[in-house]
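S.K.: Next up, structure_8.cif (mmCIF, C-alpha atoms).
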```cif
data_target
loop_
_atom_site.group_PDB
_atom_site.id
_atom_site.type_symbol
_atom_site.label_atom_id
_atom_site.label_comp_id
_atom_site.auth_asym_id
_atom_site.auth_seq_id
_atom_site.Cartn_x
_atom_site.Cartn_y
_atom_site.Cartn_z
ATOM 1 C CA MET J 16 -24.022 57.511 -59.278
ATOM 2 C CA VAL J 17 -22.706 59.061 -56.085
ATOM 3 C CA ALA J 18 -25.601 57.532 -54.185
ATOM 4 C CA ARG J 19 -24.837 54.118 -55.703
ATOM 5 C CA ARG J 20 -21.143 54.365 -54.705
ATOM 6 C CA ALA J 21 -22.152 55.314 -51.170
ATOM 7 C CA PHE J 22 -24.511 52.351 -51.014
ATOM 8 C CA VAL J 23 -21.753 49.948 -52.182
ATOM 9 C CA ALA J 24 -19.302 51.364 -49.632
ATOM 10 C CA LEU J 25 -21.782 50.967 -46.813
ATOM 11 C CA SER J 26 -22.544 47.396 -47.926
ATOM 12 C CA LEU J 27 -18.833 46.479 -47.934
ATOM 13 C CA ALA J 28 -18.342 48.008 -44.496
ATOM 14 C CA ALA J 29 -21.310 46.097 -43.141
ATOM 15 C CA THR J 30 -19.930 42.861 -44.625
ATOM 16 C CA VAL J 31 -16.492 43.403 -43.034
ATOM 17 C CA LEU J 32 -18.057 44.116 -39.642
ATOM 18 C CA SER J 33 -20.268 41.041 -39.959
ATOM 19 C CA LEU J 34 -17.314 38.790 -40.819
ATOM 20 C CA GLY J 35 -15.319 40.247 -37.939
ATOM 21 C CA ALA J 36 -18.130 39.512 -35.534
ATOM 22 C CA LEU J 37 -18.450 35.943 -36.819
ATOM 23 C CA ALA J 38 -14.699 35.400 -36.478
ATOM 24 C CA ALA J 39 -14.783 36.687 -32.910
ATOM 25 C CA CYS J 40 -17.708 34.408 -32.117
ATOM 26 C CA GLY J 41 -15.873 31.484 -33.646
ATOM 27 C CA GLN J 42 -12.700 32.076 -31.569
ATOM 28 C CA LYS J 43 -14.324 32.549 -28.194
ATOM 29 C CA PRO J 44 -15.433 28.943 -27.520
ATOM 30 C CA ALA J 45 -11.975 27.606 -28.418
ATOM 31 C CA ALA J 46 -10.277 29.820 -25.809
ATOM 32 C CA SER J 47 -12.924 28.974 -23.248
ATOM 33 C CA SER J 48 -12.555 25.252 -23.955
ATOM 34 C CA SER J 49 -8.811 25.280 -23.333
ATOM 35 C CA THR J 50 -9.209 26.935 -19.955
ATOM 36 C CA SER J 51 -12.470 25.641 -18.560
ATOM 37 C CA ASP J 52 -12.585 22.018 -19.710
ATOM 38 C CA THR J 53 -9.080 20.831 -18.767
ATOM 39 C CA LEU J 54 -7.288 20.555 -15.425
ATOM 40 C CA THR J 55 -3.624 19.597 -14.986
ATOM 41 C CA VAL J 56 -2.787 17.486 -11.940
ATOM 42 C CA ALA J 57 0.679 16.698 -10.551
ATOM 43 C CA ALA J 58 0.926 13.269 -8.910
ATOM 44 C CA THR J 59 3.337 10.521 -7.981
ATOM 45 C CA ALA J 60 2.875 7.290 -9.913
ATOM 46 C CA ILE J 61 1.445 4.949 -7.275
ATOM 47 C CA PRO J 62 -1.200 5.199 -5.988
ATOM 48 C CA HIS J 63 -2.029 8.815 -6.880
ATOM 49 C CA ALA J 64 -1.791 8.650 -10.676
ATOM 50 C CA GLU J 65 -3.579 5.282 -10.643
ATOM 51 C CA VAL J 66 -6.473 6.727 -8.638
ATOM 52 C CA LEU J 67 -6.650 9.677 -11.034
ATOM 53 C CA GLU J 68 -6.695 7.317 -14.031
ATOM 54 C CA PHE J 69 -9.572 5.440 -12.386
ATOM 55 C CA ILE J 70 -11.744 8.578 -12.108
ATOM 56 C CA LYS J 71 -10.657 10.070 -15.436
ATOM 57 C CA PRO J 72 -13.466 8.492 -17.523
ATOM 58 C CA LYS J 73 -16.145 9.564 -15.035
ATOM 59 C CA LEU J 74 -14.850 13.133 -15.066
ATOM 60 C CA ALA J 75 -14.826 13.079 -18.876
ATOM 61 C CA GLU J 76 -18.518 12.194 -18.774
ATOM 62 C CA GLN J 77 -19.003 15.319 -16.658
ATOM 63 C CA GLY J 78 -17.181 17.455 -19.219
ATOM 64 C CA LEU J 79 -13.850 17.720 -17.373
ATOM 65 C CA LYS J 80 -10.602 16.481 -18.891
ATOM 66 C CA ILE J 81 -7.695 15.919 -16.514
ATOM 67 C CA GLU J 82 -4.069 15.815 -17.669
ATOM 68 C CA ILE J 83 -1.992 13.790 -15.191
ATOM 69 C CA LYS J 84 1.641 14.851 -14.814
ATOM 70 C CA VAL J 85 3.613 12.094 -13.050
ATOM 71 C CA PHE J 86 6.612 12.989 -10.853
ATOM 72 C CA ASN J 87 9.021 10.816 -8.880
ATOM 73 C CA ASP J 88 9.903 13.456 -6.291
ATOM 74 C CA TYR J 89 8.040 15.624 -3.776
ATOM 75 C CA VAL J 90 9.487 19.050 -4.676
ATOM 76 C CA GLN J 91 8.741 19.693 -8.343
ATOM 77 C CA PRO J 92 4.973 19.019 -8.109
ATOM 78 C CA ASN J 93 4.494 21.768 -5.530
ATOM 79 C CA THR J 94 6.945 24.096 -7.249
ATOM 80 C CA GLN J 95 5.080 23.850 -10.545
ATOM 81 C CA VAL J 96 1.680 24.344 -8.896
ATOM 82 C CA ALA J 97 3.002 27.411 -7.054
ATOM 83 C CA GLU J 98 4.377 28.786 -10.340
ATOM 84 C CA LYS J 99 0.997 28.152 -12.034
ATOM 85 C CA ARG J 100 2.490 25.750 -14.562
ATOM 86 C CA ILE J 101 0.209 23.026 -13.168
ATOM 87 C CA ASP J 102 -3.207 23.575 -11.605
ATOM 88 C CA VAL J 103 -3.230 21.230 -8.587
ATOM 89 C CA SER J 104 -1.260 18.400 -6.986
ATOM 90 C CA TYR J 105 -2.247 15.153 -5.333
ATOM 91 C CA PHE J 106 0.545 13.367 -3.460
ATOM 92 C CA GLN J 107 1.270 14.908 -0.050
ATOM 93 C CA THR J 108 0.383 14.977 3.631
ATOM 94 C CA LEU J 109 -0.526 18.109 5.561
ATOM 95 C CA PRO J 110 2.715 18.186 7.627
ATOM 96 C CA TYR J 111 4.718 17.994 4.399
ATOM 97 C CA LEU J 112 2.659 20.777 2.815
ATOM 98 C CA GLU J 113 3.081 23.021 5.865
ATOM 99 C CA THR J 114 6.831 22.422 5.915
ATOM 100 C CA PHE J 115 7.122 23.081 2.167
ATOM 101 C CA ASN J 116 5.189 26.356 2.442
ATOM 102 C CA ARG J 117 7.371 27.474 5.343
ATOM 103 C CA ASP J 118 10.677 26.555 3.718
ATOM 104 C CA LYS J 119 9.889 27.662 0.155
ATOM 105 C CA GLY J 120 7.785 30.746 0.927
ATOM 106 C CA THR J 121 4.788 29.381 -0.961
ATOM 107 C CA ASN J 122 1.106 29.563 -0.038
ATOM 108 C CA LEU J 123 -0.366 26.311 -1.296
ATOM 109 C CA ILE J 124 -3.753 25.264 0.072
ATOM 110 C CA ALA J 125 -5.022 21.854 1.221
ATOM 111 C CA ILE J 126 -8.336 21.357 -0.568
ATOM 112 C CA LYS J 127 -9.518 17.819 0.213
ATOM 113 C CA GLY J 128 -8.195 14.856 2.179
ATOM 114 C CA VAL J 129 -8.346 11.684 0.089
ATOM 115 C CA HIS J 130 -6.435 8.742 1.540
ATOM 116 C CA ILE J 131 -3.829 7.468 3.996
ATOM 117 C CA GLU J 132 -0.759 5.498 2.974
ATOM 118 C CA PRO J 133 0.581 3.889 6.155
ATOM 119 C CA ILE J 134 4.375 4.295 6.154
ATOM 120 C CA GLY J 135 6.317 1.098 6.851
ATOM 121 C CA ALA J 136 9.708 -0.227 7.946
ATOM 122 C CA TYR J 137 11.209 -2.863 5.624
ATOM 123 C CA SER J 138 14.243 -5.133 5.726
ATOM 124 C CA ALA J 139 15.851 -7.481 3.233
ATOM 125 C CA ARG J 140 17.973 -9.024 5.994
ATOM 126 C CA TYR J 141 15.682 -9.571 8.980
ATOM 127 C CA LYS J 142 12.222 -10.946 9.575
ATOM 128 C CA SER J 143 11.393 -8.889 12.666
ATOM 129 C CA ILE J 144 12.439 -5.706 14.430
ATOM 130 C CA ALA J 145 13.671 -7.800 17.364
ATOM 131 C CA GLU J 146 16.351 -9.274 15.074
ATOM 132 C CA LEU J 147 17.941 -5.881 14.379
ATOM 133 C CA PRO J 148 21.511 -6.035 15.739
ATOM 134 C CA GLN J 149 23.331 -3.416 17.765
ATOM 135 C CA GLY J 150 24.552 -0.613 15.542
ATOM 136 C CA ALA J 151 22.190 -1.516 12.696
ATOM 137 C CA THR J 152 21.937 0.958 9.828
ATOM 138 C CA VAL J 153 18.479 2.463 9.296
ATOM 139 C CA ALA J 154 17.649 4.516 6.191
ATOM 140 C CA ILE J 155 14.931 7.164 6.606
ATOM 141 C CA PRO J 156 13.459 9.862 4.306
ATOM 142 C CA ASN J 157 15.381 13.132 4.431
ATOM 143 C CA ASP J 158 12.512 15.645 4.149
ATOM 144 C CA ALA J 159 11.549 17.091 7.522
ATOM 145 C CA SER J 160 7.942 15.937 7.762
ATOM 146 C CA THR J 161 8.561 12.374 6.552
ATOM 147 C CA GLU J 162 11.674 12.014 8.704
ATOM 148 C CA GLY J 163 9.553 12.940 11.722
ATOM 149 C CA ARG J 164 6.939 10.429 10.632
ATOM 150 C CA ALA J 165 9.581 7.677 10.362
ATOM 151 C CA LEU J 166 10.957 8.460 13.813
ATOM 152 C CA LEU J 167 7.446 8.451 15.286
ATOM 153 C CA LEU J 168 6.908 4.983 13.829
ATOM 154 C CA LEU J 169 10.065 3.730 15.546
ATOM 155 C CA SER J 170 9.157 5.504 18.778
ATOM 156 C CA ARG J 171 5.631 4.067 18.923
ATOM 157 C CA ASN J 172 7.112 0.594 18.539
ATOM 158 C CA ASN J 173 9.676 1.171 21.329
ATOM 159 C CA VAL J 174 12.708 1.015 19.048
ATOM 160 C CA ILE J 175 13.804 4.526 20.081
ATOM 161 C CA THR J 176 12.522 7.172 22.487
ATOM 162 C CA LEU J 177 11.797 10.733 21.399
ATOM 163 C CA LYS J 178 11.888 13.837 23.564
ATOM 164 C CA ASP J 179 8.338 14.625 22.415
ATOM 165 C CA PRO J 180 6.593 11.481 21.120
ATOM 166 C CA ALA J 181 3.778 13.614 19.669
ATOM 167 C CA ASN J 182 5.951 15.974 17.603
ATOM 168 C CA PRO J 183 5.415 15.185 13.889
ATOM 169 C CA LEU J 184 8.532 17.171 12.979
ATOM 170 C CA SER J 185 10.925 15.318 15.285
ATOM 171 C CA SER J 186 14.454 15.018 13.893
ATOM 172 C CA LEU J 187 17.489 12.937 14.762
ATOM 173 C CA LYS J 188 18.535 15.478 17.404
ATOM 174 C CA ASP J 189 15.224 14.806 19.180
ATOM 175 C CA ILE J 190 16.071 11.174 19.904
ATOM 176 C CA ALA J 191 16.273 10.820 23.696
ATOM 177 C CA ALA J 192 17.205 7.134 23.829
ATOM 178 C CA ASN J 193 18.594 4.744 21.212
ATOM 179 C CA PRO J 194 19.076 1.388 22.997
ATOM 180 C CA LYS J 195 20.333 -0.477 19.905
ATOM 181 C CA GLY J 196 22.688 2.329 18.896
ATOM 182 C CA LEU J 197 21.042 2.551 15.482
ATOM 183 C CA LYS J 198 22.922 4.486 12.813
ATOM 184 C CA PHE J 199 20.623 6.599 10.663
ATOM 185 C CA LYS J 200 21.116 7.480 7.002
ATOM 186 C CA GLU J 201 18.944 10.312 5.671
ATOM 187 C CA LEU J 202 18.149 9.747 1.998
ATOM 188 C CA GLU J 203 15.697 11.030 -0.592
ATOM 189 C CA GLY J 204 12.445 9.102 -0.201
ATOM 190 C CA ALA J 205 12.336 7.834 -3.787
ATOM 191 C CA THR J 206 15.746 6.154 -3.431
ATOM 192 C CA LEU J 207 14.922 4.117 -0.320
ATOM 193 C CA PRO J 208 13.612 0.964 -2.076
ATOM 194 C CA ARG J 209 16.824 0.869 -4.127
ATOM 195 C CA VAL J 210 19.055 0.814 -1.032
ATOM 196 C CA LEU J 211 17.014 -1.801 0.822
ATOM 197 C CA ASN J 212 19.721 -4.447 0.223
ATOM 198 C CA GLN J 213 22.440 -2.084 1.465
ATOM 199 C CA VAL J 214 20.984 -1.273 4.907
ATOM 200 C CA ASP J 215 19.492 -3.220 7.785
ATOM 201 C CA LEU J 216 16.173 -1.356 7.775
ATOM 202 C CA ALA J 217 14.541 1.260 5.552
ATOM 203 C CA ILE J 218 11.429 3.263 6.344
ATOM 204 C CA ILE J 219 9.617 3.775 3.068
ATOM 205 C CA ASN J 220 6.568 5.736 1.990
ATOM 206 C CA THR J 221 3.856 3.409 0.717
ATOM 207 C CA ASN J 222 3.748 4.951 -2.771
ATOM 208 C CA TYR J 223 7.436 4.153 -3.255
ATOM 209 C CA ALA J 224 7.029 0.720 -1.632
ATOM 210 C CA LEU J 225 4.189 -0.176 -4.010
ATOM 211 C CA ASP J 226 6.200 1.090 -6.965
ATOM 212 C CA ALA J 227 9.019 -1.272 -5.903
ATOM 213 C CA LYS J 228 6.552 -4.215 -5.769
ATOM 214 C CA LEU J 229 6.625 -4.394 -1.963
ATOM 215 C CA ASN J 230 3.404 -5.389 -0.210
ATOM 216 C CA PRO J 231 3.077 -3.131 2.856
ATOM 217 C CA SER J 232 0.553 -5.349 4.625
ATOM 218 C CA LYS J 233 2.824 -8.413 4.254
ATOM 219 C CA ASP J 234 6.390 -7.144 3.881
ATOM 220 C CA ALA J 235 6.580 -4.304 6.414
ATOM 221 C CA LEU J 236 8.086 -5.211 9.809
ATOM 222 C CA LEU J 237 6.387 -2.125 11.257
ATOM 223 C CA ILE J 238 3.526 -0.134 9.754
ATOM 224 C CA GLU J 239 1.300 2.744 10.810
ATOM 225 C CA ASP J 240 -2.199 1.820 11.843
ATOM 226 C CA SER J 241 -5.410 3.153 10.292
ATOM 227 C CA LYS J 242 -5.480 6.023 12.793
ATOM 228 C CA SER J 243 -2.519 7.674 11.113
ATOM 229 C CA PRO J 244 -2.972 11.464 10.856
ATOM 230 C CA TYR J 245 -0.974 11.555 7.619
ATOM 231 C CA VAL J 246 -3.763 12.004 5.099
ATOM 232 C CA ASN J 247 -2.835 12.651 1.462
ATOM 233 C CA TYR J 248 -4.475 15.832 0.148
ATOM 234 C CA LEU J 249 -5.529 17.386 -3.110
ATOM 235 C CA VAL J 250 -3.658 20.710 -3.049
ATOM 236 C CA GLY J 251 -4.072 23.960 -4.966
ATOM 237 C CA ARG J 252 -3.595 27.702 -4.636
ATOM 238 C CA PRO J 253 -5.690 30.484 -3.093
ATOM 239 C CA ASP J 254 -6.648 31.655 -6.596
ATOM 240 C CA ASN J 255 -8.025 28.292 -7.752
ATOM 241 C CA LYS J 256 -9.168 26.427 -4.632
ATOM 242 C CA ASP J 257 -12.803 27.350 -5.371
ATOM 243 C CA ASP J 258 -12.523 26.756 -9.131
ATOM 244 C CA PRO J 259 -15.497 24.559 -10.165
ATOM 245 C CA ARG J 260 -13.100 22.238 -12.012
ATOM 246 C CA VAL J 261 -11.020 21.741 -8.869
ATOM 247 C CA GLN J 262 -14.124 21.149 -6.770
ATOM 248 C CA LYS J 263 -15.378 18.626 -9.329
ATOM 249 C CA LEU J 264 -12.059 16.759 -9.075
ATOM 250 C CA ALA J 265 -12.207 16.847 -5.259
ATOM 251 C CA ALA J 266 -15.701 15.374 -5.309
ATOM 252 C CA ALA J 267 -14.708 12.636 -7.764
ATOM 253 C CA LEU J 268 -11.740 11.614 -5.584
ATOM 254 C CA THR J 269 -13.958 11.016 -2.551
ATOM 255 C CA THR J 270 -16.748 8.778 -3.812
ATOM 256 C CA PRO J 271 -17.758 5.284 -2.644
ATOM 257 C CA GLU J 272 -16.492 4.002 -5.997
ATOM 258 C CA VAL J 273 -12.993 5.312 -5.246
ATOM 259 C CA ALA J 274 -13.090 3.775 -1.763
ATOM 260 C CA ALA J 275 -14.002 0.404 -3.285
ATOM 261 C CA PHE J 276 -11.243 0.739 -5.900
ATOM 262 C CA MET J 277 -8.651 1.426 -3.191
ATOM 263 C CA ALA J 278 -9.805 -1.492 -1.068
ATOM 264 C CA GLN J 279 -9.738 -3.921 -3.985
ATOM 265 C CA LYS J 280 -6.476 -2.782 -5.581
ATOM 266 C CA TYR J 281 -4.285 -1.959 -2.584
ATOM 267 C CA GLN J 282 -5.529 -4.419 0.048
ATOM 268 C CA GLY J 283 -5.023 -2.095 3.016
ATOM 269 C CA ALA J 284 -1.876 -0.357 1.745
ATOM 270 C CA VAL J 285 -4.017 2.658 0.774
ATOM 271 C CA VAL J 286 -6.905 3.537 3.077
ATOM 272 C CA PRO J 287 -9.691 6.040 2.211
ATOM 273 C CA ALA J 288 -9.759 9.072 4.515
ATOM 274 C CA PHE J 289 -13.313 10.159 3.686
#
```
In structure tokens, what does this structure look like?
M.R.:
Amino acid sequence: MVARRAFVALSLAATVLSLGALAACGQKPAASSSTSDTLTVAATAIPHAEVLEFIKPKLAEQGLKIEIKVFNDYVQPNTQVAEKRIDVSYFQTLPYLETFNRDKGTNLIAIKGVHIEPIGAYSARYKSIAELPQGATVAIPNDASTEGRALLLLSRNNVITLKDPANPLSSLKDIAANPKGLKFKELEGATLPRVLNQVDLAIINTNYALDAKLNPSKDALLIEDSKSPYVNYLVGRPDNKDDPRVQKLAAALTTPEVAAFMAQKYQGAVVPAF
């Protein structure tokens, strides 16, 4: 009898251990799936989110799901990547990234250059830069790197003269000559299309111009050429820059298929940088 009770006890213990092991085995793939099969990506709507939507099905075929988080500003995407609430971002140039890291104390990493969006100068009042009157009001982006980019565009087209025409972080205090006496208004980049009717000229990032239904190749009075150094990068952190999921995304963003998509959809407003 004692032997029988011992046998039953051992059998029950073995059953409990077996069920525990099965439960553990059943839970492990679910946890792995949530971390290894999905990547969150911060992006602005146009063209970044559109490019990501284009490659999304191909990545799904490769076993990688991407969740695209769309933002309409340039601060929150980087902030959330730095805080590890989002894995990577795709919206910014290297000068902007360097300035953000310096000013915010972050250590975000440029992973892969994808495309160039030539910045342009637009006007609802004039058909050419030559028509700009004395004392015209010019709206420019207020973040340091894009403000410098806007001033370089004006400098290269002889509208103003800068102390150092090669400095990508030039500011208003670096203007050496302003023959037309232009008055500058520094505004958040996303708001510039909305004030186009209120100023004489606005220098607008292509993603915001496209979002406002402007055609950079036709509507811009001035536009950067294809040699622009302002490449838009896929950006991550030191802890995930070598993550296979991130590298798979980087590879998918720089294929001939993506180059063809950009050429067909954006007609020169978005230029592959690979």
S.K.: Translate the PyMOL selection byres ((chain J and resi 169-177) around 8) into a concrete residue list for this structure, as a PyMOL selection string.
M.R.: chain J and resi 165-168+178-180+185+189-195+237
S.K.: If we count all atoms listed in the file and set the cut-off at 8 Å, which residues sit around J:Gln107, ignoring sequence neighbours fewer than 4 positions away in its own chain? Please answer as a list in words.
M.R.: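 Contacts, with the query itself left out: Tyr89, Tyr111, Leu112, Val246, Asn247, Tyr248 and Leu249 of chain J.
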S.K.: Please enclose the listed atoms of stretch 191-194 of chain J in an axis-aligned box, pad each side by 6 Å, and write out the centre and the three edge lengths in Å, rounded to one decimal, as AutoDock Vina command-line options.
M.R.:
```
--center_x 17.7 --center_y 6.1 --center_z 22.5 --size_x 14.8 --size_y 21.4 --size_z 14.6
```
S.K.: Nearest to J:Leu216 among J:Pro133, J:Pro72, J:Pro62, J:Pro148, with distances taken over all atoms listed in the file: which residue is it?
M.R.: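 Among J:Pro133, J:Pro72, J:Pro62, J:Pro148, it is J:Pro148 that comes nearest to J:Leu216.
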S.K.: Which residues would end up in the selection if the PyMOL selection byres ((chain J and resi 272-289) around 7) were applied here, given that I need the answer as a list of chain:residue names?
M.R.: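 Going through the file, the PyMOL selection byres ((chain J and resi 272-289) around 7) ends up selecting J:Gly128, J:Val129, J:His130, J:Ile131, J:Glu132, J:Pro133, J:Thr221, J:Pro231, J:Ser232, J:Val246, J:Leu268, J:Thr269, J:Thr270, J:Pro271.
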S.K.: Would you kindly translate the PyMOL selection byres ((chain J and resi 67) around 9) into the concrete residues it picks from this file, as a ChimeraX atom specification?
M.R.: /J:56,58,62-66,68-71,81,83,268
S.K.: Hey, which of J:Ile61, J:Ala266, J:Val250, J:Ala224 ends up closest to J:Ile134? Count only C-alpha atoms.
M.R.: J:Ala224
S.K.: Given only C-alpha atoms as the basis, pick out the residue of J:Asn222, J:Gln149, J:Gln91, J:Gln77 nearest to J:Leu197.
M.R.: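 Counting only C-alpha atoms, the residue closest to J:Leu197 is J:Gln149.
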S.K.: When you count all atoms listed in the file, which of these residues is closest to J:Ile218: J:Lys198, J:Lys188, J:Arg164, J:Lys233?
M.R.: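 Of J:Lys198, J:Lys188, J:Arg164, J:Lys233, the one nearest J:Ile218 is J:Arg164, counting all atoms listed in the file.
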S.K.: Considering only C-alpha atoms, state which residue in the set J:Arg209, J:Asp52, J:Gly196, J:Gly251 is at the smallest distance from J:Asn93.
M.R.: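 When distances to J:Asn93 are compared using only C-alpha atoms, the smallest one comes from J:Gly251.
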S.K.: For J:Ala154, work out the shell of residues within 7 Å, counting all atoms listed in the file and skipping chain neighbours fewer than 3 positions away, then give it as a list in words.
M.R.: Phe199, Lys200, Glu201, Leu202, Val214, Leu216, Ala217 and Ile218 of chain J
S.K.: Which residue, J:Leu264, J:Leu79, J:Leu236, J:Val85, has the smallest gap to J:Phe106 when you use only C-alpha atoms?
M.R.: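 Among the listed residues, J:Val85 lies closest to J:Phe106.
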S.K.: What is the distance between atom CA of J:Ser160 and atom CA of J:Ala97, in Å to one decimal?
M.R.: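 It comes out at 19.4 Å.
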S.K.: Hey, what's within 9 Å of J:Leu184 if we count all atoms listed in the file and toss same-chain stuff fewer than 3 positions away? As a PyMOL selection string, please?
M.R.: chain J and resi 110+114+159-164+181
S.K.: Which distance in Å separates atom CA of J:Leu109 and atom CA of J:Asp258, to one decimal?
M.R.: 20.8 Å
S.K.: Pull the neighbourhood of (12.4, -4.7, 7.3) for me: all residues within 7 Å in file coordinates, counting all atoms listed in the file, as a list in words.
M.R.: Ala136, Tyr137, Ser138, Ala139, Tyr141, Lys142, Ser143, Leu216, Ala217, Ala235 and Leu236 of chain J
S.K.: So how many Å separate atom CA of J:Tyr105 and atom CA of J:Arg260, to one decimal?
M.R.: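 Between atom CA of J:Tyr105 and atom CA of J:Arg260 the gap works out to 14.6 Å.
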